[in-house]
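Beneath this line is the structure, given in structure tokens, with notes to follow.
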Amino acid sequence: MLKRLGAWSSGAAAAAVLAGLILPPAQPAAAGARAGSVVHFATIQPGQHPALHLATPVNLVFVGYQPSTVDLHRILSQLPAHGDPLVRFPNFFGITKDVGLRYDYHYSVRFTGKAFDDAFFGYLSSIAKVGPIDYYQKLYNEQQHNALDVGPTTAYIDANATEAWLENQSQARLGIAADQYTVFLVNWYGRADFQFHDYYHLGNIDPATGFDYGRLSESLTRAWGGNSGPTWFYDLSAGPDWDDNSYNVDTADLDRNGEPDYRIPPIWEYGNTSAYRPFTDLSGDLAKVIRYDAIDILFTPSPIYDPAATVPSPGSVKRIEADVFEGDPPNNGLSHIFAGIIQNNAQALEPYYGVTASVTDQPLADGVLDAYNIAAGISNAPGCSDFTTFGPLGFPEAELDCYFRDHRAQYFPASPGDAVIPVADFTVPQYPFPFIGSTDPDFQTGEPTFITEFDVAPPPGYITLYPMIETTIHETGHFVGLSHPHDGYDSTSGIDFNPEGAFNFSWDSDESATPMSYLPNGGSLTFDRFDRDNMSRWQVGRLLDLADTDAAAILSGNHSPQIDAQLAEADADFSRAVAALHQSDWLAAATAAVAGYAEIQRADAAAGVTPASQLLPKADAAGKASAAGKGGRHVRRTPEARTTPKALHLWLPPAGKSQAPVAPPHTMLTSPAT
Ligand SMILES: [Zn+2]
């Protein structure tokens, strides 16, 4: 990677460009097009790859911990000095594609002290709804090796209100800047005012049924963040909960794959040598959580797909096109999916692009039905080569991908210049595969191609863990680049990790306010602060990389003074973008970068160059030459490593009703697979 220093000049006359953001003077117009004219660049580096260094403060705030109980030296020694995010799916195919950003982390540690702690835990008590312990606290009490019994009552505490209190008070009392990444490590246990407690987030409503998934015990958490600020609190004295498996201290190997699943128990299990294991490693566990959950996953994650894979042409849009194939006559898929909500959420995630969403209803018939039957194993027809290759690897929907690839214009028509996100949604009586949605790569280069979803309507009175609207928002989030908040890439070690085995604890960061979570109904239907900020930063790095590529192609041919002026204008936009990055104004940075790349695309058109944004799979394939043969071996699906509940349980029953459990979901229903 090349750090950007000073100016780059395409000509021999490397006149110094004024520092900062001042547009270089336009070159005198010459008659006709010419090659080799001089364009001075401050930020674009034709033919190079960006490596934008970002000073990244990370605050570690200990709330309720005594300094003597934490080994700070040990924690800090396990945290990364830098973060170099890359695009994860191409990496599975042996293609290294970095995002063009380098985070230089600067850690600050604070212990809040008695006055802050008294105020905080007093606030928690003041907003708590006290009631019987929830279902998973009961399961914890039924464990053979639990250190104590939780209850008989527990305090249910609003997670969003807690996050906001910590953000506001850490600014007012500790002087922490509102735009800095902050982990609040909370421990209430051991104080005289301690109550067993759990955090809830109400208002996570399925628009089809009106059901609030925040009422489920499965939605309760011990951590939360990203709702109102760039912070995440992690309370080891809360729960235990379903999402992070912390209720289970008996079963070492949760997914029965022969490997113990490393999870982090409630704080009262630490130092208890008679418990499930001698948890004497509190500081080591906190270091893991800060490094992998907070930094690698929530604060500065790596995208799963290239965030530049869906860049529209200037004046065009990102177009989410969902085709609902109706294969279950008693049910109507259109009653579970809402184009307006999908569009609003996607637009809020990327406000610097125009975004549209549409839903088209049609029968599951003809060629689509044939492909569906092959994929589902109902038909013995041979299927396409992608199916025969990747079906056995766990991608039976590859048959559907290749069918739609070959009939794309029929099912996913697009105006020229639009970036289409194709969603094939099957309303069927039962799930053909053990997953409800997948965003697939092209199986060659790791670029996103098709989204496949399955919608099985529950019987009357029943709910599902993940309704179709949530699945669509989640999968389209993948398509534009977002990873799950429970898997990630650690650039210091080069490890791409999933929440299983030694990394089972990374379920903890799933407890954040994003539809990319596996919490019921995705935890939230709207994208959170981490999603939006990272999408913005990724746009700057990736679009600058594309601009570098396009500028080299333009300059290598004939380019008129008008084209040179377009390049200069684009360069000024990217300079503004980089300046905004250094001011942590992520939205302004992305907006300027998108404007800059639109200008580059206009210059491309004038120069007869195909924009690099439209050549990503080909460019990746070319870059893959050294890794030939690795593709396929690295293809995989995010596995399920937690215990899927056989029934859902309410902690907050509807008014006038008893604590009746919600009817169970379908046995085939697990959760979004990718
Ligand atoms: Zn997913």
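Residues are referred to by chain and number: the chain letter is A, B, ... according to the order shown in the structure tokens, the number counts from 1 in that chain, and ligands are numbered separately from 1 in the order shown.
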Under the rule of at most 12 Å, produce a per-residue listing of chain A near ligand 1: chain, number, name, the closest pair of atoms, and the distance in Å, as a Markdown table, using only C-alpha atoms and all ligand atoms.
| residue | atom | partner | partner_atom_place_in_ligand_line | distance |
| --- | --- | --- | --- | --- |
| A:Ile304 | CA | ligand 1 | 1 (Zn) | 9.7 |
| A:Tyr305 | CA | ligand 1 | 1 (Zn) | 11.7 |
| A:Phe435 | CA | ligand 1 | 1 (Zn) | 10.1 |
| A:Ile436 | CA | ligand 1 | 1 (Zn) | 9.7 |
| A:Gly437 | CA | ligand 1 | 1 (Zn) | 7.5 |
| A:Ser438 | CA | ligand 1 | 1 (Zn) | 6.9 |
| A:Thr439 | CA | ligand 1 | 1 (Zn) | 7.6 |
| A:Asp440 | CA | ligand 1 | 1 (Zn) | 10.6 |
| A:Ile451 | CA | ligand 1 | 1 (Zn) | 10.7 |
| A:Thr452 | CA | ligand 1 | 1 (Zn) | 11.6 |
| A:Glu453 | CA | ligand 1 | 1 (Zn) | 11.2 |
| A:Tyr466 | CA | ligand 1 | 1 (Zn) | 11.4 |
| A:Glu470 | CA | ligand 1 | 1 (Zn) | 10.7 |
| A:Thr471 | CA | ligand 1 | 1 (Zn) | 8.3 |
| A:Thr472 | CA | ligand 1 | 1 (Zn) | 10.0 |
| A:Ile473 | CA | ligand 1 | 1 (Zn) | 9.9 |
| A:His474 | CA | ligand 1 | 1 (Zn) | 6.2 |
| A:Glu475 | CA | ligand 1 | 1 (Zn) | 6.0 |
| A:Thr476 | CA | ligand 1 | 1 (Zn) | 9.3 |
| A:Gly477 | CA | ligand 1 | 1 (Zn) | 8.4 |
| A:His478 | CA | ligand 1 | 1 (Zn) | 6.6 |
| A:Phe479 | CA | ligand 1 | 1 (Zn) | 9.8 |
| A:Gly481 | CA | ligand 1 | 1 (Zn) | 10.9 |
| A:Leu482 | CA | ligand 1 | 1 (Zn) | 8.8 |
| A:Ser483 | CA | ligand 1 | 1 (Zn) | 7.2 |
| A:His484 | CA | ligand 1 | 1 (Zn) | 6.0 |
| A:Pro485 | CA | ligand 1 | 1 (Zn) | 9.4 |
| A:His486 | CA | ligand 1 | 1 (Zn) | 9.8 |
| A:Asp487 | CA | ligand 1 | 1 (Zn) | 9.9 |
| A:Asn498 | CA | ligand 1 | 1 (Zn) | 11.9 |
| A:Asp510 | CA | ligand 1 | 1 (Zn) | 11.5 |
| A:Thr514 | CA | ligand 1 | 1 (Zn) | 11.5 |
| A:Pro515 | CA | ligand 1 | 1 (Zn) | 9.1 |
| A:Met516 | CA | ligand 1 | 1 (Zn) | 6.2 |
| A:Ser517 | CA | ligand 1 | 1 (Zn) | 7.8 |
| A:Tyr518 | CA | ligand 1 | 1 (Zn) | 7.8 |
| A:Leu519 | CA | ligand 1 | 1 (Zn) | 11.4 |
| A:Gly522 | CA | ligand 1 | 1 (Zn) | 9.5 |
| A:Arg637 | CA | ligand 1 | 1 (Zn) | 9.6 |
| A:Thr638 | CA | ligand 1 | 1 (Zn) | 7.8 |
| A:Pro639 | CA | ligand 1 | 1 (Zn) | 10.3 |
| A:Glu640 | CA | ligand 1 | 1 (Zn) | 11.0 |
| A:Thr670 | CA | ligand 1 | 1 (Zn) | 11.8 |
| A:Ser671 | CA | ligand 1 | 1 (Zn) | 8.3 |
| A:Pro672 | CA | ligand 1 | 1 (Zn) | 5.1 |
| A:Ala673 | CA | ligand 1 | 1 (Zn) | 5.5 |
| A:Thr674 | CA | ligand 1 | 1 (Zn) | 3.7 |
Compile a residue-level contact table for range 468-508 of chain A against range 243-264 of chain A at a cut-off of 7 Å, reporting for every qualifying residue the shortest atom pair and its distance in Å to one decimal, with only C-alpha atoms counted, rows ordered by chain and ascending number, as a Markdown table.
| residue | atom | partner | partner_atom | distance |
| --- | --- | --- | --- | --- |
| A:Glu500 | CA | A:Asp261 | CA | 5.9 |
| A:Gly501 | CA | A:Asp261 | CA | 4.1 |
| A:Ala502 | CA | A:Tyr262 | CA | 5.0 |
| A:Phe503 | CA | A:Tyr262 | CA | 6.2 |
| A:Asn504 | CA | A:Tyr262 | CA | 5.2 |
| A:Phe505 | CA | A:Arg263 | CA | 4.4 |
| A:Trp507 | CA | A:Asp244 | CA | 4.9 |
| A:Asp508 | CA | A:Asp244 | CA | 5.3 |
Output of the above residues as a PDB file, in the first residue's frame, restricted to C-alpha atoms:
ATOM      1  CA  GLU A 500     -18.038 -20.697  16.572  1.00  0.00           C
ATOM      2  CA  GLY A 501     -15.334 -22.544  18.431  1.00  0.00           C
ATOM      3  CA  ALA A 502     -12.721 -20.192  19.848  1.00  0.00           C
ATOM      4  CA  PHE A 503     -14.703 -17.236  18.491  1.00  0.00           C
ATOM      5  CA  ASN A 504     -18.138 -18.177  19.807  1.00  0.00           C
ATOM      6  CA  PHE A 505     -17.929 -15.093  22.032  1.00  0.00           C
ATOM      7  CA  TRP A 507     -22.084 -13.359  19.349  1.00  0.00           C
ATOM      8  CA  ASP A 508     -21.720 -10.573  21.920  1.00  0.00           C
TER       9      ASP A 508
END
(message) If I take CA of Asp193 in chain A and CA of Ser125 in chain A, how far is one from the other in Å, to one decimal?
(response)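 So the two atoms, CA of Asp193 in chain A and CA of Ser125 in chain A, lie 8.5 Å apart.
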(request) Please identify all polymer residues within 12 Å of Asn332 in chain A, counting only C-alpha atoms, omitting same-chain residues fewer than 6 positions from it, and present them as a PyMOL selection string. (result) chain A and resi 208+324-326+361-363+425-429+455-458+468
Taking the chain letters and numbering used in this document, name the residues of range 479-515 of chain A that DSSP puts in helix (DSSP H, G or I), as a CSV table (one decimal) with N, CA and C atoms, in the first residue's frame.
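Writing done, so here's result03.csv:
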chain,number,residue,atom,x,y,z
A,479,PHE,N,-25.6,-7.1,0.3
A,479,PHE,CA,-25.3,-6.9,-1.1
A,479,PHE,C,-24.5,-5.6,-1.3
A,501,GLY,N,-16.6,-22.1,17.9
A,501,GLY,CA,-15.3,-22.5,18.4
A,501,GLY,C,-14.7,-21.5,19.3
A,502,ALA,N,-13.4,-21.2,19.0
A,502,ALA,CA,-12.7,-20.2,19.8
A,502,ALA,C,-13.3,-18.8,19.7
A,503,PHE,N,-14.1,-18.6,18.7
A,503,PHE,CA,-14.7,-17.2,18.5
A,503,PHE,C,-16.2,-17.2,18.8
A,504,ASN,N,-16.7,-18.2,19.5
A,504,ASN,CA,-18.1,-18.2,19.8
A,504,ASN,C,-18.6,-16.9,20.5
A,505,PHE,N,-17.6,-16.3,21.3
A,505,PHE,CA,-17.9,-15.1,22.0
A,505,PHE,C,-18.3,-13.9,21.1
A,506,SER,N,-18.0,-14.0,19.8
A,506,SER,CA,-18.3,-12.9,19.0
A,506,SER,C,-19.8,-12.7,18.7
A,507,TRP,N,-20.6,-13.6,19.3
A,507,TRP,CA,-22.1,-13.4,19.3
A,507,TRP,C,-22.4,-12.1,20.2
A,508,ASP,N,-21.4,-11.7,21.0
A,508,ASP,CA,-21.7,-10.6,21.9
A,508,ASP,C,-22.0,-9.3,21.1
A,509,SER,N,-21.2,-9.1,20.1
A,509,SER,CA,-21.4,-7.8,19.3
A,509,SER,C,-22.6,-7.9,18.4
A,510,ASP,N,-23.3,-9.1,18.3
A,510,ASP,CA,-24.6,-9.2,17.7
A,510,ASP,C,-25.6,-8.3,18.4
(message) One number please: CA of Val183 in chain A to CA of Trp232 in chain A, in Å, one decimal.
(response)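 Result for CA of Val183 in chain A versus CA of Trp232 in chain A: 5.1 Å, one decimal.
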(message) Calculated over only C-alpha atoms, which of the candidates A:Leu465, A:Leu282, A:Val87, A:Ala595 has the smallest distance to Asn521 in chain A?
(response)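 With only C-alpha atoms as the atom set, the closest residue is A:Leu465.
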Polymer residues at most 7 Å from Ser217 in chain A, only C-alpha atoms, same-chain spacing of 2 or more positions, as a PDB file with N, CA and C atoms, in the first residue's frame:
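As written to disk, part-v4.pdb reads:
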ATOM      1  N   ASP A 134     -36.462 -13.951  33.265  1.00  0.00           N
ATOM      2  CA  ASP A 134     -36.890 -14.370  31.932  1.00  0.00           C
ATOM      3  C   ASP A 134     -36.510 -15.829  31.686  1.00  0.00           C
ATOM      4  N   TYR A 135     -36.927 -16.324  30.542  1.00  0.00           N
ATOM      5  CA  TYR A 135     -36.785 -17.742  30.225  1.00  0.00           C
ATOM      6  C   TYR A 135     -35.335 -18.221  30.284  1.00  0.00           C
ATOM      7  N   ARG A 215     -40.345  -7.831  22.692  1.00  0.00           N
ATOM      8  CA  ARG A 215     -41.022  -8.503  23.802  1.00  0.00           C
ATOM      9  C   ARG A 215     -40.477  -9.903  24.054  1.00  0.00           C
ATOM     10  N   SER A 219     -34.759 -11.667  22.606  1.00  0.00           N
ATOM     11  CA  SER A 219     -34.239 -10.349  22.217  1.00  0.00           C
ATOM     12  C   SER A 219     -33.497  -9.649  23.349  1.00  0.00           C
ATOM     13  N   LEU A 220     -33.516 -10.225  24.552  1.00  0.00           N
ATOM     14  CA  LEU A 220     -32.841  -9.567  25.680  1.00  0.00           C
ATOM     15  C   LEU A 220     -31.324  -9.696  25.520  1.00  0.00           C
ATOM     16  N   HIS A 649     -40.236 -17.069  23.533  1.00  0.00           N
ATOM     17  CA  HIS A 649     -40.791 -16.829  24.872  1.00  0.00           C
ATOM     18  C   HIS A 649     -40.874 -15.337  25.130  1.00  0.00           C
ATOM     19  N   LEU A 650     -41.996 -14.927  25.668  1.00  0.00           N
ATOM     20  CA  LEU A 650     -42.187 -13.512  25.979  1.00  0.00           C
ATOM     21  C   LEU A 650     -41.632 -13.187  27.353  1.00  0.00           C
ATOM     22  N   TRP A 651     -40.907 -12.086  27.464  1.00  0.00           N
ATOM     23  CA  TRP A 651     -40.628 -11.550  28.800  1.00  0.00           C
ATOM     24  C   TRP A 651     -41.648 -10.471  29.135  1.00  0.00           C
TER      25      TRP A 651
END
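Inside range 438-634 of chain A, the residues DSSP reads as strand (DSSP E) when given the backbone are Ser438, Thr439, Asp440, Pro441, Pro448, Thr449, Phe450, Ile451, Thr452, Glu453, Phe454, Asp455, Gly488, Tyr489, Asp490, Ile495, Asp496 and Phe497 of chain A.
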